[in-house]
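What follows is a set of notes on a single structure, which appears directly below.
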Amino acid sequence: VKKLILVANWKNHPDSLSRVEDLINGLKKKAEVYKKLSTFIAPPLAYFESVSKKTKSFSSLASQDISVGKKTTTGAVEVDILQNFGVKLAIIGHSERRALGETNEEVSEKIITALKAGIIPLVCVGEAERDREGEFLEFIRHQIRLSLSGIKKKDEAKSIMIAYEPVWAIGKSSKDAVGPEDLTQMIIFIRKVLSDLYGRETADKIPLLYGGSVEKENAESLVRTGINGFLVGHESLHAENFQKIALALLNK
Ligand code: 13P
């Protein structure tokens with residue numbers, strides 16, 4: 001049985017190295033739990049060295065984005081730097097980056113760049129809001145098709161992961177997150193979109209994660225939908241709550 005996946009997206013936290021150390025010490029107490037899952041931590045770049053050294057016994061390093069393009073771009077972090085740092089997974093197309101203007105075409109380019117470097121692209125998709133007419137489903141289909149437009153081969157498709165992160169559910173609380181029934185439907189829908197692109201067998205091999213206010217309170221009910229893992233924001237900064245989310249995945 002494949003391990004379930006847990007990704008911590010620390011975004012721009014914690015605000016000091018000593019707080020990073022406190023958080024890691026908290027996480028370490030439950031290293032055994034994280035080892036039973038495929039656990040990834042995506043810290044701010046400034047903490048890469050410290051986090052990668054101190055967490056490598058129970059998790060893998062992830063990046064919150066990757067850069068494509070020229071090596072001379074000031075402020076960008078190239079994929080070969082990430083690769084040399086031991087980054088195993090890159091969050092690509094997060095809604096917070098799409099909100100800054102990142103297009104599906106750029107997302108597609110980043111996915112190909114990650115794949116070439118042997119880094120797993122975790123491709124984020126999600127609608128800004130839900131409408132009764134179901135237009136948001138068309139939006140998701142379009143976003144997936146364009147974001148994955150550079151992936152032609154089934155073998156490449158099998159090497160990606162998708163995170164469904166509805167924008168309206170991000171950074172809120174468990175009661176504002178997607179409910180289990182809606183998530184179950186979305187899983188079926190995304191698998192169908194993937195299956196139309198790459199065939200059923202390949203589509204079934206692509207791990208599907210959920211992100212958007214996953215907390216200790218809703219993790220268990222969301223796990224029962226058949227989701228393959230979680231992409232966790234604010235709760236990943238609280239070692240004890242994060243551990244409860246990890247346990248929910250393990251007790252599936
Ligand atoms: P929250 O868990 O804080 O809602 O963040 C979700 C997210 O954006 C993870 O990438």
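In the structure tokens, the first chain shown is A, the next is B, and so on; residue numbers restart at 1 for each chain, and ligands run from 1 in the order shown.
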
Sorted per-residue table, chain A near ligand 1, closest atoms and distance, 7 Å, only C-alpha atoms and all ligand atoms, as JSON lines:
```
{"residue": "A:Asn9", "atom": "CA", "partner": "ligand 1", "partner_atom_place_in_ligand_line": "10 (O)", "distance": 5.3}
{"residue": "A:His94", "atom": "CA", "partner": "ligand 1", "partner_atom_place_in_ligand_line": "10 (O)", "distance": 6.6}
{"residue": "A:Glu165", "atom": "CA", "partner": "ligand 1", "partner_atom_place_in_ligand_line": "8 (O)", "distance": 6.9}
{"residue": "A:Ala169", "atom": "CA", "partner": "ligand 1", "partner_atom_place_in_ligand_line": "4 (O)", "distance": 6.2}
{"residue": "A:Ile170", "atom": "CA", "partner": "ligand 1", "partner_atom_place_in_ligand_line": "4 (O)", "distance": 3.5}
{"residue": "A:Gly171", "atom": "CA", "partner": "ligand 1", "partner_atom_place_in_ligand_line": "4 (O)", "distance": 3.5}
{"residue": "A:Lys172", "atom": "CA", "partner": "ligand 1", "partner_atom_place_in_ligand_line": "4 (O)", "distance": 5.7}
{"residue": "A:Gly211", "atom": "CA", "partner": "ligand 1", "partner_atom_place_in_ligand_line": "6 (C)", "distance": 5.0}
{"residue": "A:Gly212", "atom": "CA", "partner": "ligand 1", "partner_atom_place_in_ligand_line": "4 (O)", "distance": 3.8}
{"residue": "A:Ser213", "atom": "CA", "partner": "ligand 1", "partner_atom_place_in_ligand_line": "4 (O)", "distance": 3.5}
{"residue": "A:Val214", "atom": "CA", "partner": "ligand 1", "partner_atom_place_in_ligand_line": "2 (O)", "distance": 5.3}
{"residue": "A:Leu231", "atom": "CA", "partner": "ligand 1", "partner_atom_place_in_ligand_line": "9 (C)", "distance": 5.1}
{"residue": "A:Val232", "atom": "CA", "partner": "ligand 1", "partner_atom_place_in_ligand_line": "2 (O)", "distance": 4.4}
{"residue": "A:Gly233", "atom": "CA", "partner": "ligand 1", "partner_atom_place_in_ligand_line": "2 (O)", "distance": 3.3}
{"residue": "A:His234", "atom": "CA", "partner": "ligand 1", "partner_atom_place_in_ligand_line": "3 (O)", "distance": 3.9}
{"residue": "A:Glu235", "atom": "CA", "partner": "ligand 1", "partner_atom_place_in_ligand_line": "2 (O)", "distance": 6.1}
```

I need the chosen residues saved as a PDB file, in the first residue's frame, with N, CA, C and O atoms.
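That gives us result08.pdb:
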```
ATOM      1  N   ASN A   9       3.099  23.375   4.339  1.00  0.00           N
ATOM      2  CA  ASN A   9       3.471  24.610   3.646  1.00  0.00           C
ATOM      3  C   ASN A   9       3.553  25.717   4.690  1.00  0.00           C
ATOM      4  O   ASN A   9       2.538  26.245   5.131  1.00  0.00           O
ATOM      5  N   HIS A  94       0.513  27.486  -6.676  1.00  0.00           N
ATOM      6  CA  HIS A  94      -0.292  27.793  -5.487  1.00  0.00           C
ATOM      7  C   HIS A  94      -1.149  29.035  -5.774  1.00  0.00           C
ATOM      8  O   HIS A  94      -0.688  29.961  -6.455  1.00  0.00           O
ATOM      9  N   GLU A 165      -7.035  22.833  -3.862  1.00  0.00           N
ATOM     10  CA  GLU A 165      -7.058  23.857  -2.807  1.00  0.00           C
ATOM     11  C   GLU A 165      -8.037  24.959  -3.204  1.00  0.00           C
ATOM     12  O   GLU A 165      -7.642  25.917  -3.891  1.00  0.00           O
ATOM     13  N   ALA A 169     -11.351  28.459   0.785  1.00  0.00           N
ATOM     14  CA  ALA A 169     -11.182  27.685   2.018  1.00  0.00           C
ATOM     15  C   ALA A 169      -9.807  27.889   2.654  1.00  0.00           C
ATOM     16  O   ALA A 169      -9.540  27.356   3.735  1.00  0.00           O
ATOM     17  N   ILE A 170      -8.958  28.660   2.009  1.00  0.00           N
ATOM     18  CA  ILE A 170      -7.580  28.804   2.504  1.00  0.00           C
ATOM     19  C   ILE A 170      -7.491  29.826   3.636  1.00  0.00           C
ATOM     20  O   ILE A 170      -8.084  30.911   3.559  1.00  0.00           O
ATOM     21  N   GLY A 171      -6.751  29.443   4.678  1.00  0.00           N
ATOM     22  CA  GLY A 171      -6.456  30.384   5.761  1.00  0.00           C
ATOM     23  C   GLY A 171      -7.649  30.690   6.653  1.00  0.00           C
ATOM     24  O   GLY A 171      -7.699  31.728   7.292  1.00  0.00           O
ATOM     25  N   LYS A 172      -8.611  29.773   6.665  1.00  0.00           N
ATOM     26  CA  LYS A 172      -9.796  30.013   7.512  1.00  0.00           C
ATOM     27  C   LYS A 172      -9.758  29.009   8.677  1.00  0.00           C
ATOM     28  O   LYS A 172      -8.698  28.754   9.225  1.00  0.00           O
ATOM     29  N   GLY A 211      -6.060  20.701   0.253  1.00  0.00           N
ATOM     30  CA  GLY A 211      -5.543  21.762   1.105  1.00  0.00           C
ATOM     31  C   GLY A 211      -6.576  22.868   1.243  1.00  0.00           C
ATOM     32  O   GLY A 211      -7.364  23.119   0.327  1.00  0.00           O
ATOM     33  N   GLY A 212      -6.576  23.532   2.384  1.00  0.00           N
ATOM     34  CA  GLY A 212      -7.527  24.618   2.638  1.00  0.00           C
ATOM     35  C   GLY A 212      -8.168  24.389   3.985  1.00  0.00           C
ATOM     36  O   GLY A 212      -9.153  23.663   4.098  1.00  0.00           O
ATOM     37  N   SER A 213      -7.558  24.985   5.025  1.00  0.00           N
ATOM     38  CA  SER A 213      -8.078  24.869   6.390  1.00  0.00           C
ATOM     39  C   SER A 213      -8.243  23.428   6.868  1.00  0.00           C
ATOM     40  O   SER A 213      -9.265  23.079   7.470  1.00  0.00           O
ATOM     41  N   VAL A 214      -7.245  22.598   6.573  1.00  0.00           N
ATOM     42  CA  VAL A 214      -7.203  21.280   7.206  1.00  0.00           C
ATOM     43  C   VAL A 214      -6.726  21.528   8.635  1.00  0.00           C
ATOM     44  O   VAL A 214      -5.670  22.131   8.850  1.00  0.00           O
ATOM     45  N   LEU A 231      -2.311  19.003   2.083  1.00  0.00           N
ATOM     46  CA  LEU A 231      -1.363  20.117   1.981  1.00  0.00           C
ATOM     47  C   LEU A 231      -1.813  21.118   3.044  1.00  0.00           C
ATOM     48  O   LEU A 231      -2.872  21.732   2.925  1.00  0.00           O
ATOM     49  N   VAL A 232      -1.020  21.237   4.096  1.00  0.00           N
ATOM     50  CA  VAL A 232      -1.466  21.965   5.284  1.00  0.00           C
ATOM     51  C   VAL A 232      -0.723  23.288   5.432  1.00  0.00           C
ATOM     52  O   VAL A 232       0.507  23.326   5.365  1.00  0.00           O
ATOM     53  N   GLY A 233      -1.469  24.355   5.648  1.00  0.00           N
ATOM     54  CA  GLY A 233      -0.874  25.673   5.880  1.00  0.00           C
ATOM     55  C   GLY A 233      -0.730  25.950   7.368  1.00  0.00           C
ATOM     56  O   GLY A 233       0.153  25.404   8.033  1.00  0.00           O
ATOM     57  N   HIS A 234      -1.638  26.758   7.926  1.00  0.00           N
ATOM     58  CA  HIS A 234      -1.422  27.277   9.287  1.00  0.00           C
ATOM     59  C   HIS A 234      -1.251  26.199  10.365  1.00  0.00           C
ATOM     60  O   HIS A 234      -0.477  26.378  11.289  1.00  0.00           O
ATOM     61  N   GLU A 235      -1.947  25.073  10.214  1.00  0.00           N
ATOM     62  CA  GLU A 235      -1.814  24.045  11.266  1.00  0.00           C
ATOM     63  C   GLU A 235      -0.451  23.350  11.243  1.00  0.00           C
ATOM     64  O   GLU A 235      -0.097  22.674  12.212  1.00  0.00           O
TER      65      GLU A 235
END
```

Would you pick out the contacts of A:Ser59 at 12 Å or less, using only C-alpha atoms, so that residues sharing its chain but fewer than 6 positions from it are not included, and give the list as number ranges by chain? A: 5-8, 24, 27-28, 30-42, 51-53, 86-89

Can you work out the spacing between atom CA of A:Ala128 and atom CA of A:Val193 in Å, to one decimal?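 For atom CA of A:Ala128 relative to atom CA of A:Val193, the distance reads 18.9 Å.
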
Applying 7 Å and only C-alpha atoms, which residues near stretch 65-72 of chain A remain after dropping the ones on its own chain fewer than 3 positions away? List them as a list in words. Ala76, Val77, Glu78, Val79, Ala90, Ile91, Ile92 and Lys110 of chain A

Please write the residues from the selection above to a file, keeping C-alpha atoms, as a CSV table (one decimal), in the first residue's frame.
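Wrote selection-v5.csv, looks like this:
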```csv
chain,number,residue,atom,x,y,z
A,76,ALA,CA,14.9,33.9,-8.4
A,77,VAL,CA,15.9,30.5,-7.1
A,78,GLU,CA,16.8,28.1,-9.9
A,79,VAL,CA,15.8,24.5,-9.9
A,90,ALA,CA,7.9,21.6,-5.4
A,91,ILE,CA,4.6,23.2,-4.8
A,92,ILE,CA,3.7,24.7,-8.1
A,110,LYS,CA,7.5,25.0,-14.0
```

Check stretch 36-223 of chain A with DSSP on the backbone and list each residue it calls alpha helix (DSSP H), as a VMD selection string. chain A and resid 48 to 55 79 to 84 95 to 98 104 to 116 135 to 147 154 to 157 180 to 198 200 to 205 219 to 223

Suppose we keep C-alpha atoms; can you now write the selection as an mmCIF file, in the first residue's frame?
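What landed in selection-v4.cif:
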```
data_model
loop_
_atom_site.group_PDB
_atom_site.id
_atom_site.type_symbol
_atom_site.label_atom_id
_atom_site.label_comp_id
_atom_site.auth_asym_id
_atom_site.auth_seq_id
_atom_site.Cartn_x
_atom_site.Cartn_y
_atom_site.Cartn_z
ATOM 1 C CA PHE A 48 16.334 25.621 4.031
ATOM 2 C CA GLU A 49 19.693 24.650 5.416
ATOM 3 C CA SER A 50 18.601 24.500 9.008
ATOM 4 C CA VAL A 51 15.332 22.673 8.278
ATOM 5 C CA SER A 52 16.816 20.152 5.856
ATOM 6 C CA LYS A 53 19.496 19.096 8.326
ATOM 7 C CA LYS A 54 17.209 18.836 11.318
ATOM 8 C CA THR A 55 14.222 17.124 9.719
ATOM 9 C CA VAL A 79 15.809 24.500 -9.934
ATOM 10 C CA ASP A 80 19.413 23.256 -9.865
ATOM 11 C CA ILE A 81 19.975 25.050 -6.574
ATOM 12 C CA LEU A 82 16.872 23.364 -5.158
ATOM 13 C CA GLN A 83 17.993 20.026 -6.539
ATOM 14 C CA ASN A 84 21.454 20.367 -5.013
ATOM 15 C CA SER A 95 -3.257 30.176 -5.557
ATOM 16 C CA GLU A 96 -1.227 32.786 -3.682
ATOM 17 C CA ARG A 97 1.249 32.799 -6.581
ATOM 18 C CA ARG A 98 -1.485 32.659 -9.198
ATOM 19 C CA ASN A 104 -1.408 28.280 -16.330
ATOM 20 C CA GLU A 105 1.267 28.442 -19.034
ATOM 21 C CA GLU A 106 3.908 29.383 -16.482
ATOM 22 C CA VAL A 107 2.681 26.637 -14.206
ATOM 23 C CA SER A 108 3.050 24.181 -17.081
ATOM 24 C CA GLU A 109 6.611 25.339 -17.715
ATOM 25 C CA LYS A 110 7.495 24.988 -14.027
ATOM 26 C CA ILE A 111 6.082 21.458 -13.929
ATOM 27 C CA ILE A 112 8.283 20.402 -16.839
ATOM 28 C CA THR A 113 11.314 22.051 -15.217
ATOM 29 C CA ALA A 114 10.683 20.195 -11.957
ATOM 30 C CA LEU A 115 10.173 16.861 -13.704
ATOM 31 C CA LYS A 116 13.450 17.251 -15.622
ATOM 32 C CA GLU A 135 -19.361 26.718 -13.489
ATOM 33 C CA PHE A 136 -16.536 26.157 -11.007
ATOM 34 C CA LEU A 137 -16.202 22.589 -12.280
ATOM 35 C CA GLU A 138 -15.507 23.904 -15.770
ATOM 36 C CA PHE A 139 -12.962 26.286 -14.243
ATOM 37 C CA ILE A 140 -11.159 23.391 -12.548
ATOM 38 C CA ARG A 141 -11.189 21.298 -15.723
ATOM 39 C CA HIS A 142 -9.702 24.199 -17.678
ATOM 40 C CA GLN A 143 -7.092 24.936 -15.020
ATOM 41 C CA ILE A 144 -5.950 21.317 -14.910
ATOM 42 C CA ARG A 145 -5.849 20.909 -18.687
ATOM 43 C CA LEU A 146 -3.812 24.079 -19.226
ATOM 44 C CA SER A 147 -1.531 23.583 -16.234
ATOM 45 C CA LYS A 154 1.815 8.928 -19.206
ATOM 46 C CA ASP A 155 5.072 8.219 -17.390
ATOM 47 C CA GLU A 156 5.496 11.921 -16.699
ATOM 48 C CA ALA A 157 1.888 12.225 -15.573
ATOM 49 C CA PRO A 180 -16.442 15.564 2.988
ATOM 50 C CA GLU A 181 -19.309 15.167 0.496
ATOM 51 C CA ASP A 182 -18.178 18.019 -1.716
ATOM 52 C CA LEU A 183 -14.607 16.767 -1.507
ATOM 53 C CA THR A 184 -15.659 13.255 -2.531
ATOM 54 C CA GLN A 185 -17.384 14.691 -5.598
ATOM 55 C CA MET A 186 -14.379 16.809 -6.448
ATOM 56 C CA ILE A 187 -12.066 13.793 -6.212
ATOM 57 C CA ILE A 188 -14.268 11.923 -8.697
ATOM 58 C CA PHE A 189 -14.371 14.945 -10.975
ATOM 59 C CA ILE A 190 -10.604 15.538 -10.958
ATOM 60 C CA ARG A 191 -9.923 11.827 -11.567
ATOM 61 C CA LYS A 192 -12.268 12.012 -14.576
ATOM 62 C CA VAL A 193 -10.451 15.062 -15.966
ATOM 63 C CA LEU A 194 -7.113 13.263 -15.511
ATOM 64 C CA SER A 195 -8.507 10.096 -17.002
ATOM 65 C CA ASP A 196 -9.683 11.976 -20.126
ATOM 66 C CA LEU A 197 -6.121 13.257 -20.493
ATOM 67 C CA TYR A 198 -4.025 10.196 -19.668
ATOM 68 C CA ARG A 200 -7.883 5.646 -16.259
ATOM 69 C CA GLU A 201 -4.886 3.581 -15.211
ATOM 70 C CA THR A 202 -2.538 6.591 -15.160
ATOM 71 C CA ALA A 203 -5.157 8.878 -13.587
ATOM 72 C CA ASP A 204 -5.594 6.459 -10.701
ATOM 73 C CA LYS A 205 -1.857 6.602 -9.979
ATOM 74 C CA ALA A 219 -8.837 15.903 9.201
ATOM 75 C CA GLU A 220 -10.545 12.625 10.094
ATOM 76 C CA SER A 221 -13.728 13.278 8.146
ATOM 77 C CA LEU A 222 -11.753 14.455 5.109
ATOM 78 C CA VAL A 223 -9.509 11.388 5.205
#
```

Using the chain letters and numbers from this document, which residues of stretch 58-99 of chain A does DSSP assign to strand (DSSP E), as JSON, numbers by chain? {"A": [60, 61, 62, 63, 89, 90, 91, 92]}

A:Ile162 environment, 10 Å, only C-alpha atoms, sequence neighbours closer than 5 positions dropped, as a PyMOL selection string: chain A and resi 91-92+121-125+144+190+206-210+228
